[in-house]
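J.: Input structure: start_2.pdb, which contains PDB, C-alpha atoms.
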```pdb
ATOM      1  CA  MET A   1      64.949 -81.427-172.867
ATOM      2  CA  PHE A   2      63.412 -84.456-174.589
ATOM      3  CA  GLN A   3      66.184 -87.033-174.416
ATOM      4  CA  ASN A   4      64.011 -89.476-172.504
ATOM      5  CA  ASP A   5      61.466 -89.346-175.341
ATOM      6  CA  VAL A   6      63.936 -90.580-177.975
ATOM      7  CA  LYS A   7      63.450 -94.282-178.568
ATOM      8  CA  VAL A   8      66.529 -96.215-179.661
ATOM      9  CA  TYR A   9      66.472 -99.602-181.387
ATOM     10  CA  TRP A  10      69.400-101.592-182.738
ATOM     11  CA  LYS A  11      70.312-104.835-184.403
ATOM     12  CA  SER A  12      73.388-106.263-186.080
ATOM     13  CA  SER A  13      74.292-104.601-189.351
ATOM     14  CA  THR A  14      74.531-106.803-192.412
ATOM     15  CA  TYR A  15      77.297-104.553-193.794
ATOM     16  CA  PHE A  16      79.944-104.586-191.047
ATOM     17  CA  ASN A  17      80.696-105.973-187.600
ATOM     18  CA  GLY A  18      78.571-103.513-185.647
ATOM     19  CA  SER A  19      75.019-102.301-185.175
ATOM     20  CA  ILE A  20      72.482-100.413-187.228
ATOM     21  CA  TYR A  21      70.444 -98.008-185.113
ATOM     22  CA  LYS A  22      66.969 -96.563-185.379
ATOM     23  CA  PHE A  23      66.097 -93.418-183.411
ATOM     24  CA  THR A  24      62.505 -92.160-183.215
ATOM     25  CA  VAL A  25      61.011 -89.114-181.543
ATOM     26  CA  GLU A  26      57.907 -86.960-181.858
ATOM     27  CA  VAL A  27      58.725 -83.253-181.743
ATOM     28  CA  ASP A  28      56.761 -80.045-181.314
ATOM     29  CA  GLN A  29      58.002 -78.474-184.541
ATOM     30  CA  PRO A  30      56.539 -78.404-188.077
ATOM     31  CA  CYS A  31      57.902 -80.970-190.525
ATOM     32  CA  ASP A  32      59.176 -78.466-193.108
ATOM     33  CA  ASP A  33      61.084 -76.470-190.471
ATOM     34  CA  VAL A  34      62.827 -79.603-189.160
ATOM     35  CA  TYR A  35      63.601 -80.872-192.665
ATOM     36  CA  ASP A  36      65.084 -77.518-193.714
ATOM     37  CA  VAL A  37      67.611 -77.779-190.879
ATOM     38  CA  MET A  38      68.428 -81.488-191.355
ATOM     39  CA  LYS A  39      68.911 -81.332-195.116
ATOM     40  CA  PRO A  40      72.619 -80.905-195.945
ATOM     41  CA  PRO A  41      72.971 -77.336-197.255
ATOM     42  CA  ASP A  42      74.946 -75.956-200.184
ATOM     43  CA  VAL A  43      76.783 -73.473-197.938
ATOM     44  CA  THR A  44      79.321 -74.649-195.345
ATOM     45  CA  ASP A  45      78.467 -72.044-192.682
ATOM     46  CA  ASP A  46      74.779 -73.024-192.783
ATOM     47  CA  ARG A  47      75.755 -76.337-191.184
ATOM     48  CA  LEU A  48      78.720 -75.357-189.025
ATOM     49  CA  SER A  49      76.754 -72.591-187.296
ATOM     50  CA  TRP A  50      74.642 -75.097-185.359
ATOM     51  CA  ASP A  51      76.058 -78.641-185.649
ATOM     52  CA  LYS A  52      78.775 -78.845-182.996
ATOM     53  CA  SER A  53      79.344 -82.579-183.558
ATOM     54  CA  ILE A  54      81.323 -81.912-186.739
ATOM     55  CA  LYS A  55      84.508 -79.997-187.472
ATOM     56  CA  HIS A  56      83.890 -79.268-191.154
ATOM     57  CA  TYR A  57      81.177 -79.711-193.764
ATOM     58  CA  GLU A  58      81.117 -78.917-197.438
ATOM     59  CA  MET A  59      79.002 -79.803-200.413
ATOM     60  CA  VAL A  60      81.615 -81.003-202.887
ATOM     61  CA  GLU A  61      79.285 -81.704-205.802
ATOM     62  CA  LYS A  62      75.696 -80.837-206.596
ATOM     63  CA  VAL A  63      74.493 -83.344-209.172
ATOM     64  CA  ASN A  64      70.996 -81.815-209.185
ATOM     65  CA  GLU A  65      68.467 -80.470-206.653
ATOM     66  CA  ASN A  66      67.890 -83.963-205.219
ATOM     67  CA  ILE A  67      71.400 -85.465-205.309
ATOM     68  CA  LYS A  68      74.533 -84.066-203.679
ATOM     69  CA  VAL A  69      77.931 -85.276-202.525
ATOM     70  CA  GLY A  70      79.061 -83.969-199.147
ATOM     71  CA  LEU A  71      82.213 -84.108-197.046
ATOM     72  CA  ILE A  72      82.037 -84.147-193.253
ATOM     73  CA  THR A  73      84.960 -84.250-190.850
ATOM     74  CA  THR A  74      84.739 -84.768-187.114
ATOM     75  CA  PRO A  75      87.249 -83.648-184.482
ATOM     76  CA  ALA A  76      89.338 -85.953-182.338
ATOM     77  CA  VAL A  77      87.547 -86.715-179.077
ATOM     78  CA  ALA A  78      88.279 -88.237-175.675
ATOM     79  CA  MET A  79      91.550 -86.302-175.404
ATOM     80  CA  GLY A  80      92.661 -87.645-178.775
ATOM     81  CA  MET A  81      91.985 -91.318-178.058
ATOM     82  CA  ILE A  82      89.420 -91.273-180.883
ATOM     83  CA  SER A  83      91.043 -89.872-184.016
ATOM     84  CA  LYS A  84      89.552 -87.397-186.446
ATOM     85  CA  ARG A  85      87.171 -88.971-188.962
ATOM     86  CA  GLU A  86      85.993 -88.010-192.420
ATOM     87  CA  PHE A  87      82.990 -89.123-194.458
ATOM     88  CA  VAL A  88      82.279 -88.629-198.152
ATOM     89  CA  ASP A  89      78.583 -89.307-198.656
ATOM     90  CA  LEU A  90      76.078 -89.288-201.472
ATOM     91  CA  TYR A  91      72.779 -87.701-200.387
ATOM     92  CA  TYR A  92      69.432 -88.220-202.068
ATOM     93  CA  PHE A  93      66.442 -86.095-201.038
ATOM     94  CA  ARG A  94      62.884 -87.263-201.549
ATOM     95  CA  THR A  95      59.454 -86.243-200.269
ATOM     96  CA  TYR A  96      56.618 -88.740-200.309
ATOM     97  CA  ASP A  97      52.978 -87.742-199.994
ATOM     98  CA  CYS A  98      51.392 -90.387-197.816
ATOM     99  CA  ASP A  99      48.393 -92.337-198.991
ATOM    100  CA  VAL A 100      45.036 -91.012-197.793
ATOM    101  CA  THR A 101      44.553 -94.214-195.804
ATOM    102  CA  ASP A 102      47.508 -93.340-193.569
ATOM    103  CA  ALA A 103      45.825 -92.002-190.452
ATOM    104  CA  GLU A 104      48.952 -90.440-188.965
ATOM    105  CA  TYR A 105      51.003 -88.516-191.516
ATOM    106  CA  SER A 106      50.380 -86.434-194.619
ATOM    107  CA  LYS A 107      53.935 -86.468-196.003
ATOM    108  CA  THR A 108      57.408 -87.746-195.221
ATOM    109  CA  CYS A 109      60.640 -85.983-196.199
ATOM    110  CA  TRP A 110      63.688 -88.241-196.516
ATOM    111  CA  ILE A 111      67.434 -87.766-196.634
ATOM    112  CA  PHE A 112      68.993 -91.007-197.858
ATOM    113  CA  ALA A 113      72.760 -91.316-197.508
ATOM    114  CA  THR A 114      75.590 -93.721-198.191
ATOM    115  CA  SER A 115      79.359 -93.303-198.364
ATOM    116  CA  ILE A 116      80.985 -93.437-201.775
ATOM    117  CA  ASP A 117      84.446 -93.661-203.265
ATOM    118  CA  TYR A 118      85.024 -90.194-204.663
ATOM    119  CA  PRO A 119      88.252 -89.859-206.686
ATOM    120  CA  GLN A 120      88.185 -86.059-206.437
ATOM    121  CA  HIS A 121      88.567 -86.373-202.647
ATOM    122  CA  PRO A 122      90.930 -89.204-201.639
ATOM    123  CA  PRO A 123      91.411 -89.936-197.915
ATOM    124  CA  THR A 124      92.970 -87.013-196.063
ATOM    125  CA  LYS A 125      96.224 -87.600-194.182
ATOM    126  CA  GLY A 126      95.628 -87.639-190.423
ATOM    127  CA  TYR A 127      91.963 -88.674-190.732
ATOM    128  CA  VAL A 128      90.354 -92.106-190.529
ATOM    129  CA  ARG A 129      87.979 -92.599-193.461
ATOM    130  CA  ALA A 130      84.696 -93.692-191.884
ATOM    131  CA  LYS A 131      81.836 -95.230-193.823
ATOM    132  CA  ASN A 132      78.092 -94.759-193.758
ATOM    133  CA  TYR A 133      76.369 -97.783-195.183
ATOM    134  CA  PRO A 134      72.836 -97.241-196.578
ATOM    135  CA  ALA A 135      71.084 -95.029-194.042
ATOM    136  CA  GLY A 136      68.504 -92.272-193.862
ATOM    137  CA  TYR A 137      66.807 -89.576-191.812
ATOM    138  CA  SER A 138      63.118 -88.783-192.168
ATOM    139  CA  VAL A 139      60.642 -86.230-190.890
ATOM    140  CA  SER A 140      56.911 -86.894-191.184
ATOM    141  CA  GLU A 141      54.163 -84.297-190.978
ATOM    142  CA  SER A 142      51.347 -85.002-188.550
ATOM    143  CA  LYS A 143      47.854 -84.831-190.079
ATOM    144  CA  ARG A 144      46.133 -83.960-186.833
ATOM    145  CA  TYR A 145      48.743 -81.574-185.431
ATOM    146  CA  PRO A 146      50.488 -79.529-188.155
ATOM    147  CA  ASN A 147      52.965 -78.094-185.644
ATOM    148  CA  LYS A 148      54.195 -81.571-184.698
ATOM    149  CA  SER A 149      56.344 -83.988-186.615
ATOM    150  CA  TYR A 150      57.896 -87.400-186.210
ATOM    151  CA  MET A 151      61.620 -87.969-186.761
ATOM    152  CA  GLU A 152      63.258 -91.294-187.611
ATOM    153  CA  LEU A 153      67.002 -91.709-188.003
ATOM    154  CA  TYR A 154      68.532 -94.902-189.394
ATOM    155  CA  VAL A 155      72.269 -94.924-188.671
ATOM    156  CA  ASN A 156      74.457 -97.630-190.215
ATOM    157  CA  CYS A 157      77.943 -96.250-189.561
ATOM    158  CA  ASP A 158      81.334 -97.920-189.370
ATOM    159  CA  ILE A 159      83.678 -95.284-187.960
ATOM    160  CA  GLY A 160      86.710 -97.396-188.830
ATOM    161  CA  GLY A 161      90.016 -97.473-187.026
ATOM    162  CA  MET A 162      91.071 -99.761-184.222
ATOM    163  CA  LEU A 163      88.539 -98.743-181.563
ATOM    164  CA  PRO A 164      86.995-101.411-179.349
ATOM    165  CA  ARG A 165      83.506-102.153-180.641
ATOM    166  CA  ALA A 166      82.007-101.711-177.156
ATOM    167  CA  LEU A 167      83.294 -98.119-177.011
ATOM    168  CA  VAL A 168      81.725 -97.292-180.373
ATOM    169  CA  GLU A 169      78.418 -98.923-179.456
ATOM    170  CA  ALA A 170      78.330 -96.953-176.195
ATOM    171  CA  ALA A 171      79.112 -93.573-177.788
ATOM    172  CA  LEU A 172      77.073 -93.580-181.010
ATOM    173  CA  PRO A 173      73.553 -93.402-179.496
ATOM    174  CA  SER A 174      74.350 -90.413-177.278
ATOM    175  CA  GLN A 175      75.957 -88.626-180.227
ATOM    176  CA  GLN A 176      72.782 -89.079-182.307
ATOM    177  CA  VAL A 177      70.554 -87.870-179.469
ATOM    178  CA  ALA A 178      72.783 -84.782-179.232
ATOM    179  CA  TYR A 179      72.370 -84.291-183.005
ATOM    180  CA  ILE A 180      68.562 -84.421-182.673
ATOM    181  CA  ARG A 181      68.736 -81.860-179.862
ATOM    182  CA  SER A 182      70.937 -79.579-181.993
ATOM    183  CA  VAL A 183      68.533 -79.787-184.943
ATOM    184  CA  LEU A 184      65.574 -78.768-182.795
ATOM    185  CA  GLU A 185      67.479 -75.947-181.111
ATOM    186  CA  GLU A 186      68.371 -74.604-184.569
ATOM    187  CA  VAL A 187      64.712 -74.822-185.673
ATOM    188  CA  LYS A 188      63.718 -72.701-182.661
ATOM    189  CA  ARG A 189      66.559 -70.232-183.273
ATOM    190  CA  ARG A 190      65.520 -69.690-186.893
ATOM    191  CA  LYS A 191      61.935 -69.019-185.830
ATOM    192  CA  THR A 192      63.013 -66.237-183.466
ATOM    193  CA  LYS A 193      65.141 -64.452-186.106
TER     194      LYS A 193
END
```
Render the structure in this file as structure tokens.

T.:
Amino acid sequence: MFQNDVKVYWKSSTYFNGSIYKFTVEVDQPCDDVYDVMKPPDVTDDRLSWDKSIKHYEMVEKVNENIKVGLITTPAVAMGMISKREFVDLYYFRTYDCDVTDAEYSKTCWIFATSIDYPQHPPTKGYVRAKNYPAGYSVSESKRYPNKSYMELYVNCDIGGMLPRALVEAALPSQQVAYIRSVLEEVKRRKTK
């Protein structure tokens, strides 16, 4: 579809012994439509209906319209060699109107995320508690082409456990490209409803 258009950058994370990744891609979808899909919803089924990379999602606390706490679990993969994972993350949503001197974009919508200790949801037996260090996903609206947008994903994830680092570093980029593909397929599906 567009996998070859996704640019992937990485460098060593300052938070753990692994890499932080940056994924960028220009897409033929309006910014607001992409952001509406990417933004963690209040309703579990609104995420599970399209995101096949996760096993479960729920919004466990809504602090206000811009701050939420979410729980995500992932299934075991590679015939069980990679155990189930769970994340408890704090999300912060923010839209910035770009300065008039910015020739490319009129606004950028952000989803900032980081894992937190959340006493109301201690680690679940049978799951490895993974950790997202400060990270974020953004979608920017093109000034010249309103039906195009630019996505950037900053992934700073320690999935924990005893996996060889090389295996993690090989798998994470393809998983994020699959996530981008799923987001855009869901945008198209919603438009045809």

J.: Could you spell out the hits of the PyMOL selection byres ((chain A and resi 189) around 12) on the shown file, as a PyMOL selection string?

T.: chain A and resi 29+33-34+37+49-50+182-188+190-193

J.: Counting only C-alpha atoms, which of A:Thr74, A:Ile20, A:Ile82, A:Tyr35 gets nearest to Pro164 in chain A?

T.: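 Of A:Thr74, A:Ile20, A:Ile82, A:Tyr35, the one nearest Pro164 in chain A, counting only C-alpha atoms, is A:Ile82.
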
J.: Report the closest atom pair, with its distance in Å rounded to one decimal, for each residue of range 10-118 of chain A that has an atom no farther than 6 Å from range 149-156 of chain A; count all atoms listed in the file, sort by chain and then rising residue number, and write it as CSV.

T.:
```
residue,atom,partner,partner_atom,distance
A:Ile20,CA,A:Asn156,CA,4.5
A:Tyr21,CA,A:Val155,CA,5.0
A:Lys22,CA,A:Tyr154,CA,4.6
A:Phe23,CA,A:Leu153,CA,5.0
A:Thr24,CA,A:Glu152,CA,4.5
A:Val25,CA,A:Met151,CA,5.4
A:Glu26,CA,A:Tyr150,CA,4.4
A:Val27,CA,A:Ser149,CA,5.5
A:Pro30,CA,A:Ser149,CA,5.8
A:Cys31,CA,A:Ser149,CA,5.2
```

J.: Between A:Val69, A:Asn147, A:Gly80, A:Val139, single out the one closest to Asp117 in chain A, counting all atoms listed in the file.

T.: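 Closest residue, counting all atoms listed in the file: A:Val69.
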
J.: What is the distance between CA of Ser138 in chain A and CA of Pro119 in chain A, in Å to one decimal?

T.: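 If I compute the distance from CA of Ser138 in chain A to CA of Pro119 in chain A, I get 29.0 Å.
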
J.: Pick out the closest residue to Tyr9 in chain A from this set: A:Pro122, A:Pro40, A:Pro173, A:Pro134. Count all atoms listed in the file.

T.: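 Comparing A:Pro122, A:Pro40, A:Pro173, A:Pro134 against Tyr9 in chain A, the winner is A:Pro173.
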
J.: Provide the CA of Asn132 in chain A to CA of Asp158 in chain A distance in Å, to one decimal place.

T.: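 Interatomic distance, CA of Asn132 in chain A to CA of Asp158 in chain A: 6.3 Å.
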
J.: If the PyMOL selection byres ((chain A and resi 114) around 6) is run on the structure shown, which residues does it catch, given as a PyMOL selection string?

T.: chain A and resi 89-90+113+115+132-134

J.: Using the chain letters and numbers from the file, which residues does the PyMOL selection byres ((chain A and resi 126) around 9) grab, as a PyMOL selection string?

T.: chain A and resi 83-85+123-125+127-128

J.: Please enclose the listed atoms of range 153-156 of chain A in an axis-aligned box, pad each side by 5 Å, and write out the centre and the three edge lengths in Å, rounded to one decimal, as lines of an AutoDock Vina configuration file.

T.:
```
center_x = 70.7
center_y = -94.7
center_z = -189.1
size_x = 17.5
size_y = 15.9
size_z = 12.2
```

J.: Take CA of His121 in chain A and CA of Gln176 in chain A and report the distance between them in Å, one decimal.

T.: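 Straight-line distance from CA of His121 in chain A to CA of Gln176 in chain A works out to 25.9 Å.
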
J.: Measuring between all atoms listed in the file, which one of A:Arg94, A:Lys39, A:Lys143, A:Lys11 shows the shortest distance to Asn66 in chain A?

T.: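 Of the candidates, the smallest distance to Asn66 in chain A is held by A:Arg94.
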
J.: At a cut-off of 9 Å, using all atoms listed in the file, what residues contact Asn17 in chain A? Leave out same-chain residues fewer than 3 positions from it and give the result as a PyMOL selection string.

T.: chain A and resi 12-14+158+165

J.: I need the residue nearest Lys131 in chain A from this list: A:Thr73, A:Asn64, A:Thr44, A:Ser174. Use only C-alpha atoms for the distance.

T.: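 Result for the nearest residue to Lys131 in chain A: A:Thr73.
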
J.: May I ask which of the residues A:Ala76, A:Val88, A:Ala135, A:Cys98 is the closest one to Ile116 in chain A, counting only C-alpha atoms?

T.: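 Closest candidate: A:Val88.
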
J.: For range 89-121 of chain A of the structure just presented, write N, CA, C and O atoms to a file, as an mmCIF file, in the first residue's frame.

T.:
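Output below, filename out30.cif:
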```cif
data_model
loop_
_atom_site.group_PDB
_atom_site.id
_atom_site.type_symbol
_atom_site.label_atom_id
_atom_site.label_comp_id
_atom_site.auth_asym_id
_atom_site.auth_seq_id
_atom_site.Cartn_x
_atom_site.Cartn_y
_atom_site.Cartn_z
ATOM 1 N N ASP A 89 -1.015 3.706 30.301
ATOM 2 C CA ASP A 89 -0.452 4.962 29.803
ATOM 3 C C ASP A 89 -1.335 6.161 30.114
ATOM 4 O O ASP A 89 -2.572 6.063 30.103
ATOM 5 N N LEU A 90 -0.665 7.270 30.347
ATOM 6 C CA LEU A 90 -1.326 8.567 30.476
ATOM 7 C C LEU A 90 -1.260 9.236 29.116
ATOM 8 O O LEU A 90 -0.180 9.349 28.522
ATOM 9 N N TYR A 91 -2.419 9.658 28.588
ATOM 10 C CA TYR A 91 -2.494 10.330 27.296
ATOM 11 C C TYR A 91 -2.845 11.799 27.503
ATOM 12 O O TYR A 91 -3.709 12.127 28.320
ATOM 13 N N TYR A 92 -2.191 12.636 26.725
ATOM 14 C CA TYR A 92 -2.506 14.069 26.734
ATOM 15 C C TYR A 92 -2.707 14.493 25.288
ATOM 16 O O TYR A 92 -1.850 14.248 24.435
ATOM 17 N N PHE A 93 -3.857 15.117 25.009
ATOM 18 C CA PHE A 93 -4.203 15.518 23.646
ATOM 19 C C PHE A 93 -4.080 17.029 23.509
ATOM 20 O O PHE A 93 -4.571 17.774 24.350
ATOM 21 N N ARG A 94 -3.459 17.443 22.419
ATOM 22 C CA ARG A 94 -3.238 18.884 22.224
ATOM 23 C C ARG A 94 -3.183 19.201 20.737
ATOM 24 O O ARG A 94 -2.538 18.488 19.972
ATOM 25 N N THR A 95 -3.865 20.259 20.336
ATOM 26 C CA THR A 95 -3.806 20.744 18.958
ATOM 27 C C THR A 95 -3.141 22.107 18.953
ATOM 28 O O THR A 95 -3.505 22.983 19.735
ATOM 29 N N TYR A 96 -2.146 22.240 18.082
ATOM 30 C CA TYR A 96 -1.432 23.501 17.933
ATOM 31 C C TYR A 96 -1.751 24.093 16.569
ATOM 32 O O TYR A 96 -1.647 23.411 15.553
ATOM 33 N N ASP A 97 -2.153 25.360 16.555
ATOM 34 C CA ASP A 97 -2.275 26.079 15.290
ATOM 35 C C ASP A 97 -0.888 26.585 14.944
ATOM 36 O O ASP A 97 -0.241 27.244 15.759
ATOM 37 N N CYS A 98 -0.442 26.239 13.741
ATOM 38 C CA CYS A 98 0.916 26.603 13.340
ATOM 39 C C CYS A 98 1.002 28.085 13.016
ATOM 40 O O CYS A 98 0.041 28.705 12.569
ATOM 41 N N ASP A 99 2.143 28.632 13.251
ATOM 42 C CA ASP A 99 2.420 30.033 12.951
ATOM 43 C C ASP A 99 2.225 30.294 11.464
ATOM 44 O O ASP A 99 2.479 29.440 10.629
ATOM 45 N N VAL A 100 1.786 31.490 11.127
ATOM 46 C CA VAL A 100 1.536 31.826 9.717
ATOM 47 C C VAL A 100 2.796 31.746 8.867
ATOM 48 O O VAL A 100 2.718 31.637 7.651
ATOM 49 N N THR A 101 3.959 31.772 9.481
ATOM 50 C CA THR A 101 5.195 31.668 8.703
ATOM 51 C C THR A 101 5.517 30.234 8.303
ATOM 52 O O THR A 101 6.386 30.003 7.475
ATOM 53 N N ASP A 102 4.816 29.263 8.886
ATOM 54 C CA ASP A 102 5.041 27.868 8.520
ATOM 55 C C ASP A 102 4.410 27.630 7.154
ATOM 56 O O ASP A 102 3.188 27.667 6.998
ATOM 57 N N ALA A 103 5.211 27.370 6.178
ATOM 58 C CA ALA A 103 4.728 27.228 4.802
ATOM 59 C C ALA A 103 4.004 25.914 4.554
ATOM 60 O O ALA A 103 3.259 25.806 3.590
ATOM 61 N N GLU A 104 4.203 24.924 5.406
ATOM 62 C CA GLU A 104 3.688 23.589 5.122
ATOM 63 C C GLU A 104 2.338 23.273 5.775
ATOM 64 O O GLU A 104 1.447 22.765 5.116
ATOM 65 N N TYR A 105 2.207 23.551 7.076
ATOM 66 C CA TYR A 105 1.068 23.029 7.813
ATOM 67 C C TYR A 105 0.307 24.120 8.544
ATOM 68 O O TYR A 105 0.885 25.068 9.053
ATOM 69 N N SER A 106 -1.037 23.914 8.628
ATOM 70 C CA SER A 106 -1.864 24.908 9.305
ATOM 71 C C SER A 106 -2.133 24.542 10.764
ATOM 72 O O SER A 106 -2.368 25.408 11.581
ATOM 73 N N LYS A 107 -2.114 23.257 11.081
ATOM 74 C CA LYS A 107 -2.266 22.829 12.478
ATOM 75 C C LYS A 107 -1.651 21.453 12.651
ATOM 76 O O LYS A 107 -1.489 20.704 11.688
ATOM 77 N N THR A 108 -1.332 21.137 13.909
ATOM 78 C CA THR A 108 -0.820 19.817 14.252
ATOM 79 C C THR A 108 -1.558 19.315 15.481
ATOM 80 O O THR A 108 -1.650 20.015 16.486
ATOM 81 N N CYS A 109 -2.103 18.096 15.373
ATOM 82 C CA CYS A 109 -2.808 17.447 16.475
ATOM 83 C C CYS A 109 -1.881 16.394 17.079
ATOM 84 O O CYS A 109 -1.368 15.543 16.354
ATOM 85 N N TRP A 110 -1.693 16.462 18.395
ATOM 86 C CA TRP A 110 -0.765 15.573 19.083
ATOM 87 C C TRP A 110 -1.480 14.650 20.062
ATOM 88 O O TRP A 110 -2.456 15.038 20.709
ATOM 89 N N ILE A 111 -0.934 13.454 20.190
ATOM 90 C CA ILE A 111 -1.265 12.535 21.272
ATOM 91 C C ILE A 111 0.063 12.249 21.969
ATOM 92 O O ILE A 111 0.927 11.575 21.421
ATOM 93 N N PHE A 112 0.247 12.815 23.141
ATOM 94 C CA PHE A 112 1.440 12.549 23.940
ATOM 95 C C PHE A 112 1.113 11.393 24.877
ATOM 96 O O PHE A 112 -0.005 11.295 25.383
ATOM 97 N N ALA A 113 2.095 10.528 25.124
ATOM 98 C CA ALA A 113 1.830 9.370 25.978
ATOM 99 C C ALA A 113 3.071 8.992 26.767
ATOM 100 O O ALA A 113 4.201 9.164 26.302
ATOM 101 N N THR A 114 2.833 8.487 27.959
ATOM 102 C CA THR A 114 3.901 7.904 28.774
ATOM 103 C C THR A 114 3.258 6.924 29.756
ATOM 104 O O THR A 114 2.120 7.133 30.192
ATOM 105 N N SER A 115 3.950 5.860 30.067
ATOM 106 C CA SER A 115 3.439 4.889 31.033
ATOM 107 C C SER A 115 3.512 5.471 32.441
ATOM 108 O O SER A 115 4.391 6.278 32.750
ATOM 109 N N ILE A 116 2.564 5.050 33.261
ATOM 110 C CA ILE A 116 2.515 5.525 34.644
ATOM 111 C C ILE A 116 2.280 4.350 35.581
ATOM 112 O O ILE A 116 1.781 3.301 35.172
ATOM 113 N N ASP A 117 2.658 4.542 36.839
ATOM 114 C CA ASP A 117 2.260 3.616 37.890
ATOM 115 C C ASP A 117 0.840 3.993 38.279
ATOM 116 O O ASP A 117 0.566 5.150 38.614
ATOM 117 N N TYR A 118 -0.052 3.046 38.217
ATOM 118 C CA TYR A 118 -1.469 3.317 38.441
ATOM 119 C C TYR A 118 -1.985 2.319 39.475
ATOM 120 O O TYR A 118 -2.274 1.168 39.143
ATOM 121 N N PRO A 119 -2.065 2.731 40.749
ATOM 122 C CA PRO A 119 -2.419 1.795 41.818
ATOM 123 C C PRO A 119 -3.736 1.050 41.586
ATOM 124 O O PRO A 119 -3.888 -0.087 42.028
ATOM 125 N N GLN A 120 -4.671 1.674 40.889
ATOM 126 C CA GLN A 120 -5.959 1.027 40.641
ATOM 127 C C GLN A 120 -5.841 -0.138 39.655
ATOM 128 O O GLN A 120 -6.776 -0.916 39.507
ATOM 129 N N HIS A 121 -4.685 -0.242 38.967
ATOM 130 C CA HIS A 121 -4.498 -1.361 38.040
ATOM 131 C C HIS A 121 -3.075 -1.906 38.180
ATOM 132 O O HIS A 121 -2.192 -1.599 37.383
#
```
